[in-house]
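Student: This is start-v5.cif, which holds mmCIF, C-alpha atoms and all ligand atoms:
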data_data
loop_
_atom_site.label_atom_id
_atom_site.label_comp_id
_atom_site.auth_asym_id
_atom_site.auth_seq_id
_atom_site.Cartn_x
_atom_site.Cartn_y
_atom_site.Cartn_z
CA MET R 28 -17.02 -212.81 5.46
CA LYS R 29 -18.19 -216.30 4.58
CA ILE R 30 -17.27 -216.82 0.95
CA LEU R 31 -18.30 -219.62 -1.40
CA VAL R 32 -15.89 -220.51 -4.21
CA THR R 33 -17.44 -222.90 -6.75
CA GLY R 34 -14.81 -224.80 -8.70
CA GLY R 35 -12.57 -224.09 -5.72
CA ALA R 36 -10.44 -227.22 -6.14
CA GLY R 37 -9.50 -226.26 -9.70
CA PHE R 38 -6.48 -224.34 -10.96
CA LEU R 39 -7.74 -220.79 -10.42
CA GLY R 40 -10.19 -221.69 -7.65
CA SER R 41 -7.45 -223.12 -5.43
CA HIS R 42 -5.37 -219.93 -5.76
CA LEU R 43 -8.45 -217.88 -4.97
CA CYS R 44 -9.30 -219.95 -1.84
CA GLU R 45 -5.72 -219.47 -0.65
CA ARG R 46 -5.88 -215.73 -1.18
CA LEU R 47 -9.25 -215.36 0.60
CA LEU R 48 -8.03 -217.37 3.61
CA THR R 49 -4.95 -215.12 3.80
CA GLU R 50 -7.31 -212.16 3.97
CA GLY R 51 -9.05 -213.72 6.98
CA HIS R 52 -12.28 -214.94 5.39
CA ASP R 53 -14.19 -218.17 5.98
CA VAL R 54 -14.01 -220.12 2.74
CA VAL R 55 -16.36 -222.82 1.49
CA CYS R 56 -14.66 -224.54 -1.43
CA LEU R 57 -17.25 -226.36 -3.56
CA ASP R 58 -16.25 -228.80 -6.29
CA ASN R 59 -17.42 -231.96 -8.05
CA PHE R 60 -13.75 -232.87 -8.76
CA PHE R 61 -14.28 -233.25 -12.50
CA THR R 62 -11.05 -231.41 -13.37
CA GLY R 63 -10.11 -230.13 -9.92
CA THR R 64 -8.43 -232.30 -7.29
CA LYS R 65 -8.25 -232.53 -3.52
CA ASN R 66 -4.49 -232.24 -3.93
CA ASN R 67 -4.89 -228.65 -5.13
CA VAL R 68 -6.34 -227.67 -1.76
CA ARG R 69 -4.69 -230.27 0.49
CA HIS R 70 -2.47 -227.59 2.03
CA LEU R 71 -5.57 -225.58 3.04
CA ARG R 72 -7.50 -228.37 4.75
CA GLU R 73 -5.96 -227.88 8.17
CA HIS R 74 -6.97 -224.22 8.11
CA ALA R 75 -9.81 -223.66 10.62
CA SER R 76 -11.61 -221.31 8.21
CA PHE R 77 -11.56 -223.71 5.26
CA GLU R 78 -14.33 -226.13 4.35
CA LEU R 79 -14.37 -228.51 1.37
CA LEU R 80 -17.75 -229.46 -0.05
CA ARG R 81 -18.34 -232.11 -2.73
CA HIS R 82 -21.25 -230.76 -4.73
CA ASP R 83 -22.30 -230.27 -8.33
CA VAL R 84 -23.49 -226.76 -9.23
CA THR R 85 -26.16 -228.18 -11.52
CA MET R 86 -27.94 -229.07 -8.26
CA PRO R 87 -29.43 -226.43 -5.93
CA LEU R 88 -27.44 -225.53 -2.84
CA PHE R 89 -28.74 -224.23 0.47
CA ILE R 90 -26.11 -222.54 2.62
CA GLU R 91 -25.63 -219.09 4.10
CA VAL R 92 -22.91 -216.99 2.51
CA ASP R 93 -21.92 -213.34 2.06
CA ARG R 94 -20.12 -213.69 -1.26
CA ILE R 95 -19.98 -216.17 -4.13
CA TYR R 96 -17.25 -216.61 -6.72
CA ASN R 97 -18.71 -218.84 -9.45
CA LEU R 98 -15.80 -220.61 -11.14
CA ALA R 99 -17.22 -224.12 -11.55
CA CYS R 100 -16.87 -225.15 -15.19
CA PRO R 101 -14.33 -227.21 -17.11
CA ALA R 102 -12.11 -224.67 -18.85
CA SER R 103 -9.86 -226.42 -21.34
CA PRO R 104 -11.14 -227.48 -24.79
CA VAL R 105 -10.28 -231.14 -24.08
CA HIS R 106 -12.25 -231.15 -20.84
CA TYR R 107 -15.22 -229.05 -21.89
CA GLN R 108 -15.65 -231.08 -25.08
CA TYR R 109 -15.50 -234.40 -23.19
CA ASN R 110 -19.16 -234.13 -22.20
CA PRO R 111 -20.49 -231.01 -23.96
CA VAL R 112 -24.05 -231.41 -22.66
CA LYS R 113 -22.75 -231.46 -19.09
CA THR R 114 -20.56 -228.41 -19.85
CA ILE R 115 -23.49 -226.30 -20.95
CA LYS R 116 -25.59 -227.56 -18.03
CA THR R 117 -22.79 -226.57 -15.66
CA SER R 118 -22.67 -223.03 -17.03
CA VAL R 119 -26.41 -222.47 -17.34
CA MET R 120 -27.91 -224.47 -14.46
CA GLY R 121 -24.89 -223.61 -12.32
CA ALA R 122 -25.52 -219.91 -12.94
CA ILE R 123 -29.25 -220.26 -12.17
CA ASN R 124 -28.56 -222.16 -8.93
CA MET R 125 -25.82 -219.81 -7.74
CA LEU R 126 -27.81 -216.71 -8.69
CA GLY R 127 -30.78 -218.14 -6.79
CA LEU R 128 -28.55 -218.61 -3.78
CA ALA R 129 -27.25 -215.05 -4.16
CA LYS R 130 -30.80 -213.72 -4.42
CA ARG R 131 -31.93 -215.51 -1.24
CA THR R 132 -28.83 -214.70 0.83
CA LYS R 133 -28.28 -211.22 -0.72
CA ALA R 134 -24.70 -212.25 -1.37
CA ARG R 135 -22.64 -210.46 -4.00
CA ILE R 136 -21.79 -212.92 -6.79
CA LEU R 137 -18.95 -212.88 -9.32
CA GLN R 138 -19.05 -214.88 -12.53
CA ALA R 139 -15.83 -216.23 -14.05
CA SER R 140 -16.71 -215.52 -17.67
CA THR R 141 -14.28 -215.81 -20.53
CA SER R 142 -12.73 -214.23 -23.59
CA GLU R 143 -14.48 -217.08 -25.45
CA VAL R 144 -17.65 -214.96 -25.37
CA TYR R 145 -15.91 -213.02 -28.19
CA GLY R 146 -15.53 -216.27 -30.19
CA ASP R 147 -13.12 -215.90 -33.12
CA PRO R 148 -13.01 -212.11 -32.82
CA GLN R 149 -12.98 -209.79 -35.79
CA VAL R 150 -12.05 -206.76 -33.67
CA HIS R 151 -8.59 -206.40 -32.06
CA PRO R 152 -7.91 -205.97 -29.25
CA GLN R 153 -11.23 -207.04 -27.74
CA ARG R 154 -13.13 -204.42 -25.73
CA GLU R 155 -16.06 -205.26 -23.49
CA ASP R 156 -18.55 -203.56 -25.83
CA TYR R 157 -17.67 -205.94 -28.69
CA TRP R 158 -20.47 -208.54 -29.09
CA GLY R 159 -18.25 -211.21 -30.55
CA ASN R 160 -18.22 -213.70 -33.40
CA VAL R 161 -19.36 -217.02 -31.99
CA ASN R 162 -20.36 -220.17 -33.86
CA PRO R 163 -23.54 -221.38 -32.07
CA ILE R 164 -23.27 -225.00 -33.29
CA GLY R 165 -19.55 -225.79 -33.28
CA ILE R 166 -17.46 -227.95 -30.96
CA ARG R 167 -16.53 -224.96 -28.78
CA SER R 168 -20.14 -223.74 -28.53
CA CYS R 169 -21.02 -225.75 -25.41
CA TYR R 170 -18.49 -223.62 -23.56
CA ASP R 171 -18.81 -220.30 -25.42
CA GLU R 172 -22.61 -220.22 -25.56
CA GLY R 173 -22.91 -221.62 -22.02
CA LYS R 174 -20.79 -218.76 -20.74
CA ARG R 175 -22.74 -216.26 -22.83
CA VAL R 176 -26.07 -217.47 -21.40
CA ALA R 177 -24.54 -217.31 -17.93
CA GLU R 178 -23.68 -213.64 -18.52
CA THR R 179 -27.26 -213.03 -19.72
CA LEU R 180 -28.63 -214.67 -16.58
CA PHE R 181 -26.35 -212.56 -14.39
CA PHE R 182 -27.57 -209.33 -15.97
CA ASP R 183 -31.24 -210.43 -15.90
CA TYR R 184 -31.06 -211.37 -12.21
CA HIS R 185 -29.40 -207.99 -11.64
CA ARG R 186 -32.09 -206.03 -13.50
CA GLN R 187 -35.05 -208.12 -12.38
CA ASN R 188 -34.08 -209.10 -8.83
CA GLN R 189 -31.40 -206.55 -7.94
CA VAL R 190 -28.82 -209.30 -7.40
CA ASP R 191 -25.44 -207.70 -6.75
CA ILE R 192 -23.37 -209.08 -9.63
CA ARG R 193 -19.81 -208.83 -10.95
CA VAL R 194 -18.90 -210.29 -14.35
CA MET R 195 -15.27 -210.83 -15.25
CA ARG R 196 -14.05 -211.95 -18.68
CA ILE R 197 -10.90 -213.97 -18.15
CA PHE R 198 -8.31 -214.26 -20.92
CA ASN R 199 -5.87 -217.21 -21.14
CA THR R 200 -4.37 -217.68 -17.69
CA TYR R 201 -1.63 -220.10 -16.68
CA GLY R 202 0.44 -221.04 -13.65
CA PRO R 203 1.08 -223.73 -11.04
CA ARG R 204 -1.78 -226.24 -10.44
CA MET R 205 -2.90 -226.32 -14.06
CA HIS R 206 -3.93 -229.88 -14.83
CA PRO R 207 -0.99 -231.61 -16.59
CA ASP R 208 -3.33 -233.36 -19.06
CA ASP R 209 -5.88 -230.66 -19.66
CA GLY R 210 -4.58 -229.95 -23.15
CA ARG R 211 -4.19 -226.21 -22.72
CA VAL R 212 -1.26 -224.83 -24.58
CA VAL R 213 0.97 -223.70 -21.70
CA SER R 214 0.64 -226.92 -19.70
CA ASN R 215 0.92 -229.05 -22.87
CA PHE R 216 4.12 -227.37 -24.06
CA ILE R 217 5.79 -227.45 -20.63
CA VAL R 218 4.91 -231.09 -19.97
CA GLN R 219 6.03 -232.09 -23.48
CA ALA R 220 9.30 -230.16 -23.10
CA LEU R 221 10.04 -231.69 -19.69
CA ARG R 222 9.34 -235.20 -20.97
CA GLY R 223 11.44 -234.63 -24.11
CA GLN R 224 8.38 -235.25 -26.28
CA ASP R 225 7.54 -233.37 -29.47
CA ILE R 226 5.92 -229.98 -28.92
CA THR R 227 2.58 -230.06 -30.70
CA ILE R 228 1.79 -226.84 -32.54
CA TYR R 229 -1.73 -226.82 -33.91
CA GLY R 230 -1.87 -225.16 -37.34
CA ASP R 231 1.15 -223.09 -38.34
CA GLY R 232 1.53 -221.54 -34.89
CA SER R 233 0.79 -218.02 -36.12
CA GLN R 234 -2.41 -217.77 -34.05
CA THR R 235 -1.97 -215.53 -31.02
CA ARG R 236 -2.91 -215.55 -27.36
CA SER R 237 -2.09 -213.23 -24.45
CA PHE R 238 -1.06 -215.10 -21.32
CA CYS R 239 -1.82 -213.88 -17.80
CA PHE R 240 -0.14 -215.36 -14.73
CA ALA R 241 -2.49 -216.77 -12.06
CA SER R 242 -1.47 -214.37 -9.25
CA ASP R 243 -2.22 -211.35 -11.46
CA LEU R 244 -5.57 -212.81 -12.45
CA ILE R 245 -6.62 -213.51 -8.87
CA ASP R 246 -5.66 -209.97 -7.94
CA GLY R 247 -7.97 -208.61 -10.63
CA MET R 248 -10.75 -210.97 -9.57
CA VAL R 249 -10.65 -209.89 -5.93
CA LYS R 250 -10.46 -206.22 -6.95
CA LEU R 251 -13.59 -206.59 -9.09
CA MET R 252 -15.47 -208.42 -6.32
CA ASN R 253 -14.54 -205.69 -3.83
CA HIS R 254 -15.42 -202.81 -6.15
CA PRO R 255 -18.38 -200.93 -4.66
CA SER R 256 -20.34 -200.53 -7.89
CA CYS R 257 -18.67 -201.79 -11.09
CA VAL R 258 -20.72 -204.78 -12.27
CA GLY R 259 -18.75 -205.30 -15.48
CA PRO R 260 -18.27 -207.10 -17.72
CA VAL R 261 -14.58 -206.38 -17.24
CA ASN R 262 -11.77 -207.98 -19.24
CA VAL R 263 -8.94 -209.29 -17.09
CA GLY R 264 -5.87 -210.64 -18.85
CA ASN R 265 -2.41 -209.74 -19.99
CA PRO R 266 -2.45 -207.62 -23.15
CA VAL R 267 1.03 -208.72 -24.29
CA GLU R 268 0.32 -210.90 -27.31
CA PHE R 269 2.43 -213.85 -28.47
CA THR R 270 2.11 -216.32 -31.33
CA ILE R 271 1.83 -219.95 -30.29
CA LYS R 272 5.15 -220.59 -32.06
CA GLN R 273 6.84 -217.91 -29.95
CA LEU R 274 5.42 -219.54 -26.83
CA ALA R 275 6.85 -222.92 -27.88
CA GLU R 276 10.27 -221.36 -28.45
CA GLN R 277 10.21 -219.66 -25.03
CA VAL R 278 9.30 -222.93 -23.31
CA ILE R 279 12.13 -224.76 -25.09
CA ALA R 280 14.61 -222.03 -24.18
CA LEU R 281 13.57 -221.98 -20.50
CA THR R 282 13.49 -225.75 -20.03
CA GLY R 283 16.64 -226.37 -22.09
CA SER R 284 14.66 -229.19 -23.71
CA LYS R 285 15.73 -230.99 -26.87
CA SER R 286 12.08 -231.42 -27.93
CA LYS R 287 11.27 -230.69 -31.56
CA LEU R 288 8.37 -228.58 -32.80
CA VAL R 289 5.84 -230.58 -34.81
CA THR R 290 2.62 -229.38 -36.40
CA LYS R 291 -0.83 -230.92 -35.99
CA PRO R 292 -4.15 -229.92 -37.58
CA LEU R 293 -5.76 -226.79 -36.18
CA PRO R 294 -8.96 -227.65 -34.27
CA SER R 295 -12.13 -226.15 -35.75
CA ASP R 296 -13.21 -222.69 -34.61
CA ASP R 297 -9.80 -222.08 -33.02
CA PRO R 298 -9.60 -218.28 -32.60
CA LYS R 299 -6.85 -216.76 -34.78
CA GLN R 300 -6.04 -213.80 -32.59
CA ARG R 301 -6.86 -212.86 -29.03
CA GLN R 302 -5.79 -209.88 -27.00
CA PRO R 303 -7.67 -208.10 -24.23
CA ASP R 304 -8.21 -204.38 -24.14
CA ILE R 305 -7.84 -203.79 -20.40
CA SER R 306 -8.53 -200.03 -20.32
CA LEU R 307 -11.65 -200.64 -18.22
CA ALA R 308 -9.82 -202.78 -15.64
CA ARG R 309 -7.08 -200.15 -15.44
CA LYS R 310 -9.61 -197.34 -14.95
CA GLU R 311 -12.18 -199.00 -12.67
CA LEU R 312 -10.02 -201.45 -10.72
CA GLY R 313 -6.62 -199.76 -10.89
CA TRP R 314 -5.43 -203.18 -12.05
CA GLU R 315 -2.89 -204.33 -14.53
CA PRO R 316 -0.79 -207.48 -14.77
CA LYS R 317 2.70 -207.39 -13.27
CA VAL R 318 4.23 -210.78 -14.12
CA PRO R 319 5.93 -211.01 -17.53
CA LEU R 320 5.51 -214.26 -19.47
CA LYS R 321 9.10 -215.35 -18.89
CA ASP R 322 8.86 -215.04 -15.07
CA GLY R 323 5.50 -216.79 -14.97
CA LEU R 324 6.77 -219.62 -17.17
CA VAL R 325 9.78 -220.14 -14.88
CA GLN R 326 7.42 -220.62 -11.89
CA THR R 327 5.09 -222.88 -13.86
CA ILE R 328 7.96 -225.00 -15.17
CA ALA R 329 9.24 -225.43 -11.59
CA TYR R 330 5.78 -226.64 -10.54
CA PHE R 331 5.53 -229.21 -13.33
CA GLU R 332 9.11 -230.39 -12.77
CA LYS R 333 8.16 -231.26 -9.19
CA LEU R 334 4.84 -232.81 -10.19
CA LEU R 335 6.33 -235.01 -12.90
CA ALA R 336 9.14 -236.15 -10.61
CA VAL R 337 6.64 -237.79 -8.22
P1 LIG R 401 -10.29 -225.85 -13.84
O1 LIG R 401 -10.82 -226.90 -14.74
O2 LIG R 401 -8.99 -226.10 -13.17
O3 LIG R 401 -11.34 -225.47 -12.73
C1 LIG R 401 -12.72 -225.67 -12.85
C2 LIG R 401 -13.22 -226.33 -11.57
O4 LIG R 401 -14.64 -226.49 -11.63
C3 LIG R 401 -12.63 -227.75 -11.36
O5 LIG R 401 -12.17 -227.86 -10.05
C4 LIG R 401 -13.82 -228.66 -11.64
O6 LIG R 401 -13.73 -229.90 -10.97
C5 LIG R 401 -14.98 -227.80 -11.19
N1 LIG R 401 -16.26 -228.16 -11.80
C6 LIG R 401 -16.50 -228.42 -13.11
N2 LIG R 401 -17.81 -228.70 -13.29
C7 LIG R 401 -18.40 -228.61 -12.06
C8 LIG R 401 -19.72 -228.79 -11.59
N3 LIG R 401 -20.72 -229.13 -12.42
N4 LIG R 401 -19.97 -228.63 -10.26
C9 LIG R 401 -18.97 -228.30 -9.41
N5 LIG R 401 -17.70 -228.12 -9.79
C10 LIG R 401 -17.42 -228.27 -11.10
O7 LIG R 401 -10.20 -224.50 -14.71
P2 LIG R 401 -9.71 -223.05 -14.33
O8 LIG R 401 -8.74 -222.64 -15.38
O9 LIG R 401 -9.35 -222.93 -12.92
O10 LIG R 401 -11.03 -222.20 -14.61
C11 LIG R 401 -11.85 -221.68 -13.58
C12 LIG R 401 -12.92 -220.81 -14.18
O11 LIG R 401 -12.34 -219.71 -14.89
C13 LIG R 401 -13.82 -221.55 -15.18
O12 LIG R 401 -15.15 -221.12 -15.00
C14 LIG R 401 -13.30 -221.10 -16.52
O13 LIG R 401 -14.30 -221.13 -17.50
C15 LIG R 401 -12.84 -219.68 -16.21
N6 LIG R 401 -11.79 -219.26 -17.15
C16 LIG R 401 -10.53 -219.72 -17.04
C17 LIG R 401 -9.57 -219.33 -17.98
C18 LIG R 401 -8.15 -219.78 -17.91
O14 LIG R 401 -7.37 -219.45 -18.81
N7 LIG R 401 -7.69 -220.49 -16.89
C19 LIG R 401 -9.93 -218.47 -19.03
C20 LIG R 401 -11.25 -218.05 -19.11
C21 LIG R 401 -12.18 -218.43 -18.16
N1 LIG R 402 -2.44 -225.25 -29.02
C1 LIG R 402 -1.33 -225.79 -29.66
N2 LIG R 402 -0.80 -226.94 -29.16
C2 LIG R 402 -1.26 -227.57 -28.05
C3 LIG R 402 -2.38 -227.01 -27.39
C4 LIG R 402 -2.95 -225.84 -27.91
O1 LIG R 402 -0.84 -225.25 -30.65
O2 LIG R 402 -0.69 -228.61 -27.67
C5 LIG R 402 -3.01 -224.00 -29.54
C6 LIG R 402 -4.53 -224.02 -29.77
O3 LIG R 402 -4.83 -224.51 -31.03
C7 LIG R 402 -4.86 -222.54 -29.60
C8 LIG R 402 -3.85 -222.04 -28.58
O4 LIG R 402 -2.80 -223.00 -28.56
O5 LIG R 402 -4.64 -221.86 -30.82
C9 LIG R 402 -4.40 -221.90 -27.18
O6 LIG R 402 -5.06 -223.12 -26.84
P1 LIG R 402 -5.69 -223.41 -25.42
O7 LIG R 402 -6.38 -224.72 -25.53
O8 LIG R 402 -4.66 -223.24 -24.38
O9 LIG R 402 -6.74 -222.24 -25.17
P2 LIG R 402 -7.85 -221.51 -26.06
O10 LIG R 402 -7.81 -222.01 -27.48
O11 LIG R 402 -9.12 -221.84 -25.37
O12 LIG R 402 -7.45 -220.10 -25.99
#
How would this structure read if it were set down as structure tokens?
Tutor:
Amino acid sequence: MKILVTGGAGFLGSHLCERLLTEGHDVVCLDNFFTGTKNNVRHLREHASFELLRHDVTMPLFIEVDRIYNLACPASPVHYQYNPVKTIKTSVMGAINMLGLAKRTKARILQASTSEVYGDPQVHPQREDYWGNVNPIGIRSCYDEGKRVAETLFFDYHRQNQVDIRVMRIFNTYGPRMHPDDGRVVSNFIVQALRGQDITIYGDGSQTRSFCFASDLIDGMVKLMNHPSCVGPVNVGNPVEFTIKQLAEQVIALTGSKSKLVTKPLPSDDPKQRQPDISLARKELGWEPKVPLKDGLVQTIAYFEKLLAV
């Protein structure tokens, strides 16, 4: 099949392109290189079935494809808050343009949605039928509400135009090719530990997240795309929950760093607790994560060690 991956030069997109090429597909990797880089896909460029396209999803696109994975959107708070108006345009206009393309080509289209649609959740763990607790006017809203509107558009195009959709809600995912300066907690802590800098814990570090390794996530994503009928939304993430302080301690232990833990103010609207209920993914996709946090961190640390040595 000819498969379009928007945001294909980003962290998750590059792993997805790699996986789809391994499966024998033709891959069009689209990116505007806001947070993604050509380096992330440099190793794929000699592949005869790989094509790199500089394009912004807020603009219409006319190509012929069989499937679309819509990942284009800055994903870390630092990056999505850099130009919030552009972030919401990317989610909303990007969804409209890619859904229009899917409608015309009859391609199946998967949306990379997010656990942020649950906001600062008041229900734990989060199931797909929970409607969330989202601040519509806060500093995270450009991302959260943009992704929520994108989900709405996906389901309206499905009901109104019979577009063949898949909606996946991704929980915190980490691994090689994360941007070293994107401010997300795993990359921040590893880079700080490797540089011997203070490890910055926002708040008291008691807030929780559940960290999924990239290979597990991509597995779930491909399974959902290939499912004959399950449109979702489906949570995909690792249900093992850690506090941010525990994560910092793990990173220090695995890097052998002498970095100290320091606290910084907690950003506003920072969710206190997050954990996916993955019963639906288990039942419908036969999927569950395999890589424990420690093993995934070891691989991610090795990646950043190499990157920082250059
Ligand atoms: P990333 O920032 O590495 O990747 C996003 C990619 O989209 C980048 O390559 C960027 O340059 C590109 N992009 C941004 N705006 C664009 C635009 N207007 N037009 C074209 N390309 C554009 O982040 P990631 O972690 O790989 O995230 C990929 C997707 O998964 C995002 O949609 C994100 O919201 C979603 N997601 C990720 C996580 C996670 O923990 N990694 C969690 C929830 C959801
Ligand atoms: N965080 C932290 N120190 C950092 C970066 C993040 O303590 O240097 C915290 C952040 O406040 C949040 C958690 O780690 O509670 C996860 O942050 P991230 O930006 O990775 O993702 P998100 O908040 O979107 O889940």
Student: Identify which of the residues R:Glu155, R:His206, R:Gln108, R:Ile166 lies closest to Asn67 (chain R), counting only C-alpha atoms when measuring atom-to-atom distances.
Tutor: R:His206
Student: Excluding same-chain residues fewer than 4 positions from Gln234 (chain R), what lies within 7 Å of it counting all atoms listed in the file, as a list of chain:residue names?
Tutor: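 Using all atoms listed in the file, the neighbours found are R:Thr270, R:Ile271, R:Lys299, R:Gln300.
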Student: For Gln302 (chain R), which residue out of R:Phe240, R:Tyr184, R:Phe198, R:Trp314 is the nearest one, using all atoms listed in the file?
Tutor: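 Closest to Gln302 (chain R), using all atoms listed in the file: R:Phe198.
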Student: Separation of atom P1 of ligand LIG 401 (chain R) and CA of Ala36 (chain R), in Å?
Tutor: 7.8 Å
Student: Take the point (-9.9, -201.6, -23.0) as written in the file and pick out every residue within 8 Å of it, counting all atoms listed in the file; give the list as a ChimeraX atom specification.
Tutor: /R:152-155,262,303-308
Student: Nearest to ligand LIG 402 (chain R) among R:Leu312, R:Ile164, R:Leu98, R:Met205, with distances taken over all atoms listed in the file: which residue is it?
Tutor: R:Met205
Student: Please find the residues contacting ligand LIG 401 (chain R) at a distance of at most 7 Å between atoms, with all atoms listed in the file counted, and report them as an NGL selection string.
Tutor: :R and (33-40 or 57-64 or 82-85 or 97-103 or 117 or 121 or 139-142 or 196-201 or 205-206)
Student: I'd like the interatomic distance between CA of Ser286 (chain R) and CA of Leu320 (chain R), to a tenth of an Å.
Tutor: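 Computing it gives 20.2 Å between the two atoms.
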Student: Enumerate, in order of chain and increasing residue number, the residues of chain R with an atom no farther than 9 Å from ligand LIG 402 (chain R), each with its shortest atom pair and distance in Å to one decimal, counting all atoms listed in the file, as CSV.
Tutor:
residue,atom,partner,partner_atom,distance
R:Ala102,CA,R:LIG402,O11,7.7
R:Ser103,CA,R:LIG402,O7,5.7
R:Pro104,CA,R:LIG402,O7,5.6
R:Val105,CA,R:LIG402,O7,7.7
R:Ser142,CA,R:LIG402,O12,8.3
R:Glu143,CA,R:LIG402,O11,7.2
R:Arg167,CA,R:LIG402,O11,8.7
R:Phe198,CA,R:LIG402,O12,7.8
R:Asn199,CA,R:LIG402,O12,5.9
R:Thr200,CA,R:LIG402,O8,8.7
R:Tyr201,CA,R:LIG402,O8,8.9
R:Asp209,CA,R:LIG402,O7,8.4
R:Gly210,CA,R:LIG402,C3,5.6
R:Arg211,CA,R:LIG402,O8,3.4
R:Val212,CA,R:LIG402,C3,3.7
R:Val213,CA,R:LIG402,O8,6.3
R:Ser214,CA,R:LIG402,O8,8.0
R:Asn215,CA,R:LIG402,O2,5.1
R:Phe216,CA,R:LIG402,O2,6.1
R:Gln219,CA,R:LIG402,O2,8.7
R:Ile226,CA,R:LIG402,O2,6.9
R:Thr227,CA,R:LIG402,O2,4.7
R:Ile228,CA,R:LIG402,O1,3.6
R:Tyr229,CA,R:LIG402,O1,3.7
R:Gly230,CA,R:LIG402,O1,6.8
R:Asp231,CA,R:LIG402,O1,8.2
R:Gly232,CA,R:LIG402,O1,6.1
R:Ser233,CA,R:LIG402,O5,8.5
R:Gln234,CA,R:LIG402,O5,5.7
R:Thr235,CA,R:LIG402,O5,6.9
R:Arg236,CA,R:LIG402,C9,6.5
R:Ser237,CA,R:LIG402,O12,8.8
R:Thr270,CA,R:LIG402,C8,8.7
R:Ile271,CA,R:LIG402,O4,5.8
R:Lys272,CA,R:LIG402,O1,7.7
R:Ala275,CA,R:LIG402,O1,8.5
R:Thr290,CA,R:LIG402,O1,7.9
R:Lys291,CA,R:LIG402,O1,7.8
R:Pro292,CA,R:LIG402,O3,8.5
R:Leu293,CA,R:LIG402,O3,5.7
R:Pro294,CA,R:LIG402,O3,6.1
R:Ser295,CA,R:LIG402,O3,8.8
R:Asp296,CA,R:LIG402,O10,9.0
R:Asp297,CA,R:LIG402,O5,5.6
R:Pro298,CA,R:LIG402,O5,6.4
R:Lys299,CA,R:LIG402,O5,6.8
R:Gln300,CA,R:LIG402,O5,8.4
R:Arg301,CA,R:LIG402,O12,7.9
Student: So the first atom is CA of Asp147 (chain R) and the second is CA of Asn160 (chain R); what is the distance between them in Å, to one decimal place?
Tutor: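 Taking CA of Asp147 (chain R) and CA of Asn160 (chain R), their separation equals 5.6 Å.
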Student: Find the residues around Glu332 (chain R) up to 12 Å (only C-alpha atoms counted), leave out those fewer than 6 positions away in its own chain, and share them as a PDB file with C-alpha atoms, in the coordinates of the input.
Tutor:
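Output below, filename selection23.pdb:
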ATOM      1  CA  PRO R 203       1.080-223.730 -11.040  1.00  0.00           C
ATOM      2  CA  ARG R 204      -1.780-226.240 -10.440  1.00  0.00           C
ATOM      3  CA  PRO R 207      -0.990-231.610 -16.590  1.00  0.00           C
ATOM      4  CA  SER R 214       0.640-226.920 -19.700  1.00  0.00           C
ATOM      5  CA  ILE R 217       5.790-227.450 -20.630  1.00  0.00           C
ATOM      6  CA  VAL R 218       4.910-231.090 -19.970  1.00  0.00           C
ATOM      7  CA  GLN R 219       6.030-232.090 -23.480  1.00  0.00           C
ATOM      8  CA  ALA R 220       9.300-230.160 -23.100  1.00  0.00           C
ATOM      9  CA  LEU R 221      10.040-231.690 -19.690  1.00  0.00           C
ATOM     10  CA  ARG R 222       9.340-235.200 -20.970  1.00  0.00           C
ATOM     11  CA  THR R 282      13.490-225.750 -20.030  1.00  0.00           C
ATOM     12  CA  LEU R 324       6.770-219.620 -17.170  1.00  0.00           C
ATOM     13  CA  VAL R 325       9.780-220.140 -14.880  1.00  0.00           C
ATOM     14  CA  GLN R 326       7.420-220.620 -11.890  1.00  0.00           C
TER      15      GLN R 326
END
Student: Between R:Val150, R:Leu79, R:Leu71, R:Cys169, which has the minimum distance to Tyr107 (chain R) (counting only C-alpha atoms)?
Tutor: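 Selected residue with least distance to Tyr107 (chain R): R:Cys169.
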Student: Looking at R:Lys130, R:His52, R:His70, R:Arg309, which one is nearest to Asn265 (chain R), with distances taken over only C-alpha atoms?
Tutor: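 Looking only at the distances to Asn265 (chain R), the closest residue turns out to be R:Arg309.
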Student: Calculated over all atoms listed in the file, which of the candidates R:Leu43, R:Met195, R:Ala129, R:Val54 has the smallest distance to Cys257 (chain R)?
Tutor: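 Counting all atoms listed in the file, the residue closest to Cys257 (chain R) is R:Met195.
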Student: What's the 10 Å shell around Ser256 (chain R), counting all atoms listed in the file, without same-chain residues fewer than 3 positions away, as a PDB file with C-alpha atoms, keeping the file's coordinate frame?
Tutor:
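Saved the output as around.pdb:
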ATOM      1  CA  ASP R 191     -25.440-207.700  -6.750  1.00  0.00           C
ATOM      2  CA  ILE R 192     -23.370-209.080  -9.630  1.00  0.00           C
ATOM      3  CA  ARG R 193     -19.810-208.830 -10.950  1.00  0.00           C
ATOM      4  CA  LEU R 251     -13.590-206.590  -9.090  1.00  0.00           C
ATOM      5  CA  MET R 252     -15.470-208.420  -6.320  1.00  0.00           C
ATOM      6  CA  ASN R 253     -14.540-205.690  -3.830  1.00  0.00           C
ATOM      7  CA  GLY R 259     -18.750-205.300 -15.480  1.00  0.00           C
ATOM      8  CA  GLU R 311     -12.180-199.000 -12.670  1.00  0.00           C
TER       9      GLU R 311
END
Student: Could the centre and edge lengths of an axis-aligned box, enclosing all atoms of region 49-57 of chain R in the file with 3 Å extra on each side, be given in Å to one decimal as lines of an AutoDock Vina configuration file?
Tutor:
center_x = -11.1
center_y = -219.3
center_z = 1.7
size_x = 18.3
size_y = 20.2
size_z = 16.5
